[in-house]
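Student: I have a structure I would like to understand better, so I am pasting it below and will then ask my questions one at a time.
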Amino acid sequence: MSGRPWWREPFRMFQTNLREIDAGLDVERVLDHLEEYGANAWLISVGGILSNYPTGLDFQTRNPYLAERPSGDLVGDVVEAARRRGVHVLARMDFSKIDHRRAEEHPEWCFIAPDGAAQVYNGLTSVCPSGDYYQVKLFEVIGEVLDRYAVDGFFLNWMSFNEVDYSRRYWGVCHCLACARRYAEQVGGQLPEGRDSPGYLRWRRFAHETLGDLHARIRTAIAGRRPDAALILGEHADIVFHEANNAVGRPLWHHRTSEHVSAAKAYRPDVPVLVNSVGFVDMPYRMAGEEPYHFAQYLLQAISRGAVPSTYVMGTPDDSPYECLGIGGEITRFHRDHEGVYRDLVSEARTLLVRPDPLKGDVAGAVSEFQGLYLALLERHVPFDVLPEDKLQVSDLSRYRVVVLPDLGPIGAAGVLDAYAAAGGTVLATGSAGFDADVAQLACLPVIRRLASRESEEATRSLHLRGDRGMVPVIGAFHVVEPAERAETGLFALSRARYGPPEKCHGHRESGHPGWLRARHGEGAGLLMPWTVGRGYRETGLSAHRDLFADRVLAAAGGPAVETDLPEQVEIVPARSAAGHVIHLLNRSGDADQRFRRPVPIGPSWLTLPWPGERRVRALRAGRDLEVSGGRVRLPELDLYEVLLITETDRLSNKYS
């Protein structure tokens with residue numbers, strides 16, 4: 001679109017994470033591969049640990065393998081060749097480490113562990129974001145690149161305080177002099193040593209703010225020199241970065257990519273999010289390709305939520321012939337061929353699920369609650385967005401009918417949420433959300449105070465609630481509350497009784513303690529489920545937990561946005577874009593324990609459109625118009641995914657076909 005930066009338009013990126021021996025690569029051959037794959041942007045290693053151009057800065061290391069190129073300049077060759085083809089070039093920089101000589105000359109730049117040791121890995125020494133290598137020298141390197149090359153943007157890798165190295169060894173908090181000085185000035189006191197130290201959460205916030213300030217300065221420096229060059233990084237950048245990856249030994253959260261994209265887009269809908277999808281299975285196994293249907297989920301979850309799809313390989317495409325790139329290319333080319341559909345794609349969900357703030361401390365229980373509620377909404381076909389807890393104060397909630405707070409404890413945005421409810425929204429809190437000590441922070445919650453808490457396994461064992469479908473177990477926590485005078489109540493707890501031996505398993509009597517409460521607040525309402533219903537679903541899979549929660553969300557939202565006979569294994573993501581309304585249907589029947597498999601095809605089905613009026617519906621993957629009658633669409637067989645473009649009957653053009 002005229003007048004907009006290039007990165008505000010849909011694009012597709014391919015990253016070649018180059019080894020030093022790759023400096024002699026065939027530029028034209030790689031560009032051929034990128035274009036065939038469907039990409040129109042190339043993220044290439046430019047500077048930092050190694051400079052793939054003839055740097056003139058004495059604190060940078062020129063790649064010795066540049067001697068294999070007639071020009072002696074890989075970056076220059078890439079920029080020139082890509083320009084001829086209309087491919088954007090993005091510079092990958094990594095300032096996290098320096099070589100031994102520079103570390104000896106400038107120990108003040110380096111990470112120092114609490115025991116005084118430098119962090120050395122494969123001969124390279126980690127540096128600290130508080131020191132002048134990041135705070136000063138980084139800007140000189142970016143300036144040199146901008147002076148020499150018309151690159152379209154920058155991505156800065158591994159910008160962190162290096163608590164953990166490549167082998168996942170935990171080193172602790174950096175104790176370099178720059179960190180000690182900054183921490184004393186900004187926070188006060190001495191640095192903690194590590195995760196178990198008093199004050200560690202204060203240090204986490206200090207580190208987060210230090211990096212945020214650095215990100216903002218980098219963005220300002222680039223924009224001041226070249227406004228048409230984007231920064232891909234954190235929330236202060238032009239493009240928000242998320243790496244979709246796998247890791248040996250890490251429990252798989254099947255919805256990680258969708259969650260992260262939604263969390264960024266709900267906060268700032270107009271800022272692009274780039275999902276860099278890793279083609280290999282884990283860092284120690286960079287040459288082993290990811291399972292194809294696992295990799296496909298990275299890209300599908302990205303584009304369905306309006307993110308930029310990107311693929312990341314080691315070395316050149318010839319060096320990394322991962323099997324998963326076949327399906328990755330198919331999805332990337334689909335995005336290319338329907339670029340107009342993805343222009344300005346934003347969610348049309350009317351339910352908001354708040355994600356716990358990790359800087360509040362031990363949030364494992366809240367994360368389990370969040371994930372259980374996430375699954376409940378997804379399986380019941382309730383479209384929703386995710387918002388980080390710390391963004392509640394600065395986000396527009398008015399487009400949502402329901403805001404869900406999953407066992408968050410004290411809330412910093414109480415006033416914002418009360419105002420939202422008073423204006424007509426519904427706040428639905430679970431577990432401990434909205435309580436500070438035993439006082440309800442939120443005026444919209446239908447309680448006076450918390451009388452007691454049962455939060456251990458022993459305290460909740462044998463605790464049941466009486467639901468419409470029978471008894472429901474409490475898993476995690478149950479809070480006994482004093483209802484407000486105006487509150488409706490129900491789902492009462494039964495007193496705990498013996499659960500063994502069977503001869504003694506009796507005595508479960510209704511206690512009068514409600515498992516849900518609701519009351520009006522201004523034009524809206526507040527609803528509390530003072531127990532961990534989401535954690536119950538996450539850990540047991542009982543549909544009774546799911547439905548108790550989802551039914552209340554649907555009631556608060558005024559009914560389902562989409563009615564369908566699609567099974568719960570299909571994720572429905574409604575959105576709007578420059579082309580019209582868009583619905584992504586993702587077949588999640590391949591989600592399995594610690595893996596994604598090929599999904600089972602789902603036969604013809606139907607769904608109702610959430611938008612009124614006469615509409616034309618085209619299935620973009622099937623390549624045909626669908627039958628619409630009375631707002632109900634007949635869907636074709638669903639394999640991995642389908643994308644529906646919904647327009648007014650006279651608006652659909654061949655441009656989006």
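Here, A, B, ... name the chains of the structure tokens in the order displayed, residue numbers run from 1 inside each chain, and ligands are numbered from 1 in the same displayed order.
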Mind the document's chain letters and residue numbers, and return as JSON, numbers by chain the residues of region 228-385 of chain A that DSSP labels strand (DSSP E).
Tutor: {"A": [230, 231, 232, 233, 239, 240, 241, 242, 243, 244, 273, 274, 275, 276, 277, 278, 280, 281, 282, 285, 286, 287, 288, 289, 308, 309, 310, 311, 312, 313, 314, 346, 347, 351, 352, 353, 354, 355, 384, 385]}
Student: Choose the residue, out of A:Phe154, A:Tyr53, A:Tyr166, A:Phe161, that has the smallest atom-to-atom separation from His208 (chain A); count only C-alpha atoms.
Tutor: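 The shortest atom-to-atom distance to His208 (chain A) comes from A:Phe161.
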Student: Give me, please, the distance in Å between CA of Val78 (chain A) and CA of Gly279 (chain A), quoted to one decimal.
Tutor: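 So the two atoms, CA of Val78 (chain A) and CA of Gly279 (chain A), lie 22.3 Å apart.
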Student: Between CA of Val89 (chain A) and CA of Arg19 (chain A), what distance in Å does the model show, to one decimal?
Tutor: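 So the answer is 18.0 Å.
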Student: Fewer than 4 positions away in the same chain doesn't count, so skip those; otherwise give me all residues within 12 Å of Pro560 (chain A), counting only C-alpha atoms, as a count of residues only.
Tutor: 22
Student: Using DSSP on the backbone coordinates, identify all residues within region 414-545 of chain A classified as alpha helix (DSSP H); present the result as an MDAnalysis selection string.
Tutor: chainID A and resid 414:422 457:460 533:540 543:545
Student: Tell me which of A:Asp625, A:Glu523, A:Glu339, A:Glu457 sits closest to Tyr420 (chain A), counting only C-alpha atoms.
Tutor: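 Selected residue with least distance to Tyr420 (chain A): A:Glu523.
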Student: Please produce, as a Markdown table, a per-residue contact table for region 40-148 of chain A versus region 192-207 of chain A (criterion: any atom at most 10 Å away, only C-alpha atoms considered), showing the nearest atom pair and its distance in Å to one decimal, sorted by chain then residue number.
Tutor:
| residue | atom | partner | partner_atom | distance |
| --- | --- | --- | --- | --- |
| A:Ala113 | CA | A:Glu193 | CA | 8.3 |
| A:Pro114 | CA | A:Glu193 | CA | 5.8 |
| A:Asp115 | CA | A:Glu193 | CA | 8.9 |
| A:Pro129 | CA | A:Ala207 | CA | 8.8 |
| A:Ser130 | CA | A:Ala207 | CA | 9.0 |
Student: Which residues are near Pro604 (chain A)? Cut-off 8 Å, only C-alpha atoms, ignore same chain within fewer than 4 positions. Put them as an NGL selection string.
Tutor: :A and (634-638)
Student: Figure out the distance between CA of Glu642 (chain A) and CA of Ala622 (chain A), please, to one decimal in Å.
Tutor: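 These atoms are spaced 7.5 Å apart.
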